[in-house]
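Just start.txt here, compact mmCIF, C-alpha atoms and all ligand atoms:
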```
# COMPACT_ATOMS: atom_id res chain seq x y z
CA MET I 221 0.00 0.00 0.00
CA SER I 222 1.34 3.40 -0.80
CA SER I 223 -0.19 5.59 1.84
CA GLU I 224 0.55 6.78 5.33
CA THR I 225 0.18 3.27 6.69
CA GLY I 226 3.92 2.97 6.14
CA ASN I 227 3.92 -0.30 4.23
CA ASP I 228 5.95 0.79 1.25
CA VAL I 229 9.69 1.07 1.47
CA VAL I 230 11.14 4.47 0.57
CA LEU I 231 14.75 3.76 1.45
CA LYS I 232 16.42 0.37 1.37
CA LEU I 233 20.01 -0.48 2.19
CA THR I 234 21.27 -3.93 1.27
CA GLY I 235 24.66 -5.19 2.40
CA VAL I 236 26.10 -1.68 2.59
CA GLU I 237 29.78 -1.43 3.49
CA ALA I 238 31.70 1.80 3.91
CA GLY I 239 34.69 3.25 5.69
CA TYR I 240 37.43 5.81 5.86
CA GLY I 241 40.63 4.66 4.18
CA ARG I 242 41.52 1.39 5.85
CA ILE I 243 38.99 1.85 8.64
CA ARG I 244 35.86 -0.18 7.96
CA ALA I 245 32.91 1.60 9.62
CA LEU I 246 29.97 -0.33 8.12
CA ASN I 247 30.07 -4.11 7.66
CA GLY I 248 27.06 -4.92 5.52
CA ILE I 249 24.05 -2.91 6.67
CA ASP I 250 20.54 -4.04 5.75
CA LEU I 251 17.97 -1.41 6.65
CA GLU I 252 14.56 -0.25 5.48
CA VAL I 253 12.67 2.98 6.02
CA ARG I 254 8.98 2.84 5.23
CA ARG I 255 6.96 5.80 4.03
CA GLY I 256 5.47 7.94 6.78
CA GLN I 257 7.54 6.35 9.52
CA ILE I 258 10.18 7.50 11.97
CA VAL I 259 12.96 4.93 12.12
CA ALA I 260 15.48 5.28 14.96
CA LEU I 261 19.10 4.28 14.47
CA LEU I 262 20.68 3.57 17.84
CA GLY I 263 24.03 2.42 19.12
CA ALA I 264 27.03 3.38 21.21
CA ASN I 265 29.62 5.97 20.17
CA GLY I 266 31.50 4.84 17.10
CA ALA I 267 28.90 2.19 16.16
CA GLY I 268 28.52 3.68 12.68
CA LYS I 269 25.30 5.71 12.95
CA THR I 270 26.66 8.92 11.43
CA THR I 271 28.51 6.94 8.75
CA THR I 272 25.24 5.23 7.80
CA LEU I 273 23.56 8.60 7.25
CA LYS I 274 26.57 9.96 5.36
CA THR I 275 26.66 6.91 3.11
CA ILE I 276 22.96 7.27 2.30
CA SER I 277 23.36 10.96 1.43
CA GLY I 278 26.47 10.33 -0.67
CA LEU I 279 28.99 12.09 1.57
CA VAL I 280 30.75 8.76 2.14
CA ARG I 281 31.06 6.25 -0.70
CA ALA I 282 29.60 2.76 -0.25
CA SER I 283 32.35 0.25 -1.06
CA ALA I 284 29.81 -2.59 -1.36
CA GLY I 285 26.06 -3.11 -1.31
CA THR I 286 23.22 -1.04 -2.69
CA ILE I 287 21.09 1.89 -1.60
CA ALA I 288 17.68 2.25 -3.24
CA LEU I 289 15.27 5.18 -3.10
CA ASP I 290 11.72 4.27 -4.08
CA GLY I 291 13.14 1.17 -5.71
CA ASN I 292 15.72 3.09 -7.79
CA ASP I 293 19.40 2.46 -7.22
CA ILE I 294 21.14 5.62 -5.96
CA THR I 295 24.40 3.95 -4.88
CA GLY I 296 27.43 5.96 -5.97
CA MET I 297 25.48 9.06 -6.96
CA LYS I 298 26.86 12.46 -5.96
CA ALA I 299 25.55 14.07 -2.77
CA ASN I 300 23.87 16.94 -4.62
CA GLU I 301 22.07 14.52 -6.97
CA ILE I 302 20.85 12.49 -4.00
CA ALA I 303 19.62 15.68 -2.30
CA ARG I 304 17.81 16.65 -5.48
CA LEU I 305 16.00 13.30 -5.39
CA GLY I 306 14.67 14.20 -1.95
CA VAL I 307 17.06 12.63 0.54
CA VAL I 308 17.86 15.53 2.82
CA HIS I 309 20.53 15.26 5.49
CA VAL I 310 20.58 17.44 8.61
CA PRO I 311 24.07 16.74 9.95
CA GLU I 312 25.18 16.88 13.54
CA GLY I 313 26.09 20.42 14.59
CA ARG I 314 23.41 22.31 12.65
CA HIS I 315 25.75 24.33 10.37
CA ILE I 316 23.87 27.61 10.38
CA LEU I 317 25.67 30.14 8.19
CA ARG I 318 26.95 33.20 9.97
CA GLY I 319 26.32 36.48 8.16
CA LEU I 320 23.07 35.21 6.66
CA SER I 321 19.67 36.00 8.13
CA VAL I 322 17.30 33.30 9.31
CA ARG I 323 15.27 33.82 6.14
CA GLU I 324 18.35 33.57 3.90
CA ASN I 325 19.41 30.39 5.70
CA LEU I 326 15.98 28.95 4.93
CA GLU I 327 16.19 30.05 1.30
CA LEU I 328 19.49 28.20 0.96
CA GLY I 329 17.61 24.99 1.74
CA ALA I 330 15.48 25.49 -1.36
CA PHE I 331 18.40 25.45 -3.80
CA THR I 332 16.83 22.47 -5.56
CA VAL I 333 13.46 24.23 -5.94
CA ARG I 334 12.91 26.28 -9.11
CA ASP I 335 9.26 27.24 -8.67
CA ALA I 336 8.96 30.53 -6.70
CA ALA I 337 5.40 29.73 -5.57
CA VAL I 338 6.55 26.39 -4.12
CA LYS I 339 9.39 28.20 -2.33
CA ARG I 340 6.95 30.71 -0.83
CA GLU I 341 4.61 27.94 0.31
CA ARG I 342 7.46 26.00 1.93
CA MET I 343 8.73 29.12 3.69
CA ALA I 344 5.21 29.75 5.03
CA GLU I 345 5.09 26.11 6.17
CA ALA I 346 8.44 26.42 7.97
CA PHE I 347 7.16 29.58 9.69
CA ARG I 348 3.94 27.80 10.70
CA LEU I 349 5.94 24.96 12.24
CA PHE I 350 8.48 27.25 13.88
CA PRO I 351 6.90 30.62 14.70
CA ILE I 352 10.14 31.73 16.37
CA LEU I 353 11.86 31.61 12.95
CA LYS I 354 9.25 33.96 11.53
CA ALA I 355 9.72 36.36 14.44
CA ARG I 356 13.50 36.27 13.96
CA GLN I 357 13.59 36.02 10.17
CA HIS I 358 15.74 39.13 9.65
CA GLN I 359 18.19 38.35 12.43
CA ASP I 360 21.57 36.71 11.77
CA GLY I 361 21.01 32.94 11.97
CA SER I 362 24.12 32.41 14.07
CA LEU I 363 22.65 34.60 16.84
CA LEU I 364 19.82 32.17 17.54
CA SER I 365 20.00 29.93 20.61
CA GLY I 366 21.08 26.28 20.19
CA GLY I 367 17.49 25.03 20.14
CA GLU I 368 16.40 27.72 17.68
CA GLN I 369 19.36 26.91 15.42
CA GLN I 370 18.24 23.28 15.42
CA MET I 371 14.77 24.43 14.36
CA LEU I 372 16.38 26.50 11.61
CA ALA I 373 18.43 23.50 10.45
CA ILE I 374 15.28 21.37 10.28
CA GLY I 375 13.30 24.21 8.64
CA ARG I 376 16.05 24.57 6.04
CA ALA I 377 15.86 20.85 5.30
CA LEU I 378 12.08 21.11 4.88
CA MET I 379 12.57 23.80 2.22
CA HIS I 380 13.83 20.98 -0.04
CA GLY I 381 10.52 19.15 0.31
CA PRO I 382 12.23 15.97 1.51
CA LYS I 383 11.10 12.49 0.63
CA VAL I 384 13.27 11.24 3.49
CA LEU I 385 14.82 13.36 6.21
CA LEU I 386 18.09 12.08 7.73
CA LEU I 387 18.39 13.67 11.18
CA ASP I 388 21.71 13.26 12.98
CA GLU I 389 21.40 13.82 16.73
CA PRO I 390 19.06 16.82 16.63
CA SER I 391 19.15 17.10 20.43
CA MET I 392 22.95 17.18 20.64
CA GLY I 393 24.19 19.84 23.04
CA LEU I 394 20.75 21.08 24.01
CA ALA I 395 19.48 21.58 27.54
CA PRO I 396 17.15 18.75 28.72
CA LYS I 397 14.00 20.83 28.27
CA LEU I 398 14.97 21.70 24.70
CA VAL I 399 15.83 18.06 23.95
CA LEU I 400 12.23 17.14 24.67
CA GLU I 401 10.91 20.10 22.70
CA THR I 402 13.08 19.30 19.68
CA LEU I 403 12.02 15.67 19.65
CA LYS I 404 8.37 16.73 19.94
CA ILE I 405 8.90 18.80 16.80
CA VAL I 406 10.33 15.75 15.05
CA LYS I 407 7.21 13.82 16.06
CA ARG I 408 4.92 16.61 14.83
CA LEU I 409 6.79 16.82 11.56
CA ASN I 410 6.10 13.16 11.02
CA ARG I 411 2.50 13.13 12.24
CA ASP I 412 1.27 16.39 10.71
CA GLU I 413 3.41 16.69 7.58
CA GLY I 414 3.81 12.96 6.94
CA THR I 415 7.59 13.40 6.70
CA THR I 416 9.53 10.13 6.65
CA ILE I 417 12.49 10.32 9.03
CA LEU I 418 15.61 8.29 9.75
CA LEU I 419 16.68 9.53 13.16
CA VAL I 420 20.03 9.10 14.89
CA GLU I 421 19.66 10.03 18.52
CA GLN I 422 21.87 9.60 21.56
CA ASN I 423 18.83 9.63 23.80
CA ALA I 424 17.66 6.16 22.81
CA ARG I 425 14.83 6.00 25.31
CA LEU I 426 13.25 9.16 23.92
CA ALA I 427 13.98 8.19 20.33
CA LEU I 428 12.13 4.88 20.77
CA LYS I 429 9.14 6.75 22.20
CA LEU I 430 8.61 8.64 19.00
CA ALA I 431 9.89 6.12 16.46
CA HIS I 432 7.82 3.40 14.81
CA TYR I 433 10.76 1.11 14.27
CA GLY I 434 14.33 0.88 15.48
CA TYR I 435 17.69 -0.57 14.52
CA VAL I 436 20.57 -1.08 16.94
CA LEU I 437 24.04 -0.80 15.44
CA GLU I 438 27.13 -2.29 17.00
CA GLY I 439 30.59 -2.22 15.48
CA GLY I 440 29.21 -1.35 12.05
CA SER I 441 26.63 -4.16 11.96
CA ILE I 442 22.94 -4.30 12.77
CA ARG I 443 22.62 -6.16 16.08
CA MET I 444 18.87 -5.87 16.55
CA LYS I 445 15.81 -4.50 14.82
CA ASN I 446 12.20 -4.40 15.82
CA ASP I 447 9.13 -2.26 16.45
CA ALA I 448 10.13 0.63 18.68
CA ALA I 449 7.67 -0.47 21.36
CA THR I 450 9.18 -3.96 21.44
CA LEU I 451 12.74 -2.62 21.58
CA ARG I 452 11.77 -0.44 24.52
CA GLN I 453 10.62 -3.50 26.44
CA ASP I 454 13.70 -5.55 25.66
CA ALA I 455 15.72 -5.91 28.85
CA SER I 456 19.03 -6.45 27.04
CA ILE I 457 18.58 -3.27 25.01
CA VAL I 458 17.56 -1.29 28.03
CA GLN I 459 20.70 -2.43 29.79
CA ALA I 460 23.13 -1.99 26.92
CA TYR I 461 21.88 1.18 25.28
CA LEU I 462 19.27 2.96 27.28
CA GLY I 463 21.03 3.26 30.63
CA ASP I 464 19.67 2.64 34.14
P1 LIG F 501 28.88 8.84 17.60
O1 LIG F 501 27.65 8.50 18.37
O2 LIG F 501 30.11 8.92 18.48
O3 LIG F 501 28.73 10.00 16.69
P2 LIG F 501 28.54 6.94 15.40
O4 LIG F 501 27.76 5.72 15.75
O5 LIG F 501 27.83 8.00 14.65
O6 LIG F 501 29.22 7.52 16.70
P3 LIG F 501 30.48 7.00 13.28
O7 LIG F 501 30.79 8.44 13.46
O8 LIG F 501 29.69 6.59 12.12
O9 LIG F 501 29.81 6.43 14.60
O10 LIG F 501 31.89 6.21 13.29
C1 LIG F 501 32.00 4.84 12.92
C2 LIG F 501 33.48 4.46 12.89
O11 LIG F 501 34.14 5.18 11.84
C3 LIG F 501 34.23 4.79 14.18
O12 LIG F 501 35.16 3.76 14.40
C4 LIG F 501 34.92 6.10 13.86
O13 LIG F 501 36.11 6.23 14.61
C5 LIG F 501 35.21 5.95 12.38
N1 LIG F 501 35.22 7.27 11.69
C6 LIG F 501 34.16 8.13 11.62
N2 LIG F 501 34.50 9.21 10.89
C7 LIG F 501 35.76 9.03 10.48
C8 LIG F 501 36.68 9.79 9.68
N3 LIG F 501 36.33 10.95 9.14
N4 LIG F 501 37.93 9.27 9.49
C9 LIG F 501 38.28 8.10 10.02
N5 LIG F 501 37.46 7.33 10.77
C10 LIG F 501 36.23 7.78 11.00
```
Mind converting the file's structure to C-alpha cells?
Ligand code: ATP
Amino acid sequence: MSSETGNDVVLKLTGVEAGYGRIRALNGIDLEVRRGQIVALLGANGAGKTTTLKTISGLVRASAGTIALDGNDITGMKANEIARLGVVHVPEGRHILRGLSVRENLELGAFTVRDAAVKRERMAEAFRLFPILKARQHQDGSLLSGGEQQMLAIGRALMHGPKVLLLDEPSMGLAPKLVLETLKIVKRLNRDEGTTILLVEQNARLALKLAHYGYVLEGGSIRMKNDAATLRQDASIVQAYLGD
C-alpha cells in the first residue's frame, strides 16, 4: 500500500559497506525505512550511525552493497544529486551560516526548488511549524539559541521538500527541556506533515518513544531490529543502550 500506513519502502540499504581509508565503519548494513515512519538508528559511540547517514546521502562512498530510493538504485550518486532526489541530510552540529539571516538560511535549503510559488509555500510552512523563525527572520542565523538553530536546520531541510529526512542527533548539546521540545517537533513533523524520518539520537529511550521502528548498530553491523515499542521493552537493550 502506498499511503501513510507505512507499508511501502522508501529507502532500502542492502549489504552496505563503507569506511574511511583502511577503517571499515559499516560491515554490511541491511535497513529499510517505510513511508510515513520515523525509524530510529541507535548504538554506542562509534557504532557507525553517522557513517550510515553519510553513506545514504552520498557524503561517504559505499564500497559494497546497494542503496535504493523508491526502488531506484542511488548507490554511488553524488551528494547533490541524492539531495535533489529528496534525501535531505541534517548533519550533527546544525551548520547555520553566519552572516546570513534566518530567512536567507531557509532560502538556501530550497536550492533544488525552481518554482517561486513552491518556495513561498514552503517558507510559510516552515514559519507555521516554527513561529520563532518567523519572528527572527531578519536576524543573523548564528545569533539564535542552540534550540532555535536546530529548528532553523530542520526548517532549512524542509525547504527541499524531503522524501526522506536524515536527522543526525538533533538534540545534541541542548538543555534537557529543549531536547524534549526538539524531539516533539520531530514527532509533529512526522505526524502532521507525513515526513519520513531516519533519526540518529543519543537519547535512545526518547527516540524509541517517538519512532515506529528501530535498529541497533554495534561495530558497524545491525545487532537488533524491531518495532520501537518492542525494543523499549527488551531488557538487554535497556541495559546496553538505554542506561539505568
Ligand atoms: P557517535 O555517536 O560517536 O557519533 P557513530 O555511531 O555516529 O558515533 P560514526 O561516526 O559513524 O559512529 O563512526 C564509525 C566508525 O568510523 C568509528 O570507528 C569512527 O572512529 C570511524 N570514523 C568516523 N568518521 C571518520 C573519519 N572521518 N575518518 C576516520 N574514521 C572515522
Ranking I:Phe347, I:Ala373, I:Ile243, I:Gly248 by minimum distance to Glu389 of chain I and counting only C-alpha atoms, which one comes first? I:Ala373
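Of the residues listed (I:Asn410, I:His432, I:Pro396, I:Glu438), I:Glu438 shows the shortest atom-to-atom separation from ligand LIG 501 (chain F); distances use all atoms listed in the file.
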Hey, which residues come within 9 Å of ligand LIG 501 (chain F) if we count only C-alpha atoms and all ligand atoms? Could you give them as a VMD selection string? chain I and resid 238 to 246 261 to 274 312 388 to 389 420 to 422 437 to 440
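Computed from the coordinates, the atom CA of Gly291 of chain I to atom CA of Tyr433 of chain I distance equals 20.1 Å.
With only C-alpha atoms as the atoms that count, the minimum distance from Ala449 of chain I to the choices I:Val253, I:Met297, I:Leu353, I:Leu426 is reached by I:Leu426.
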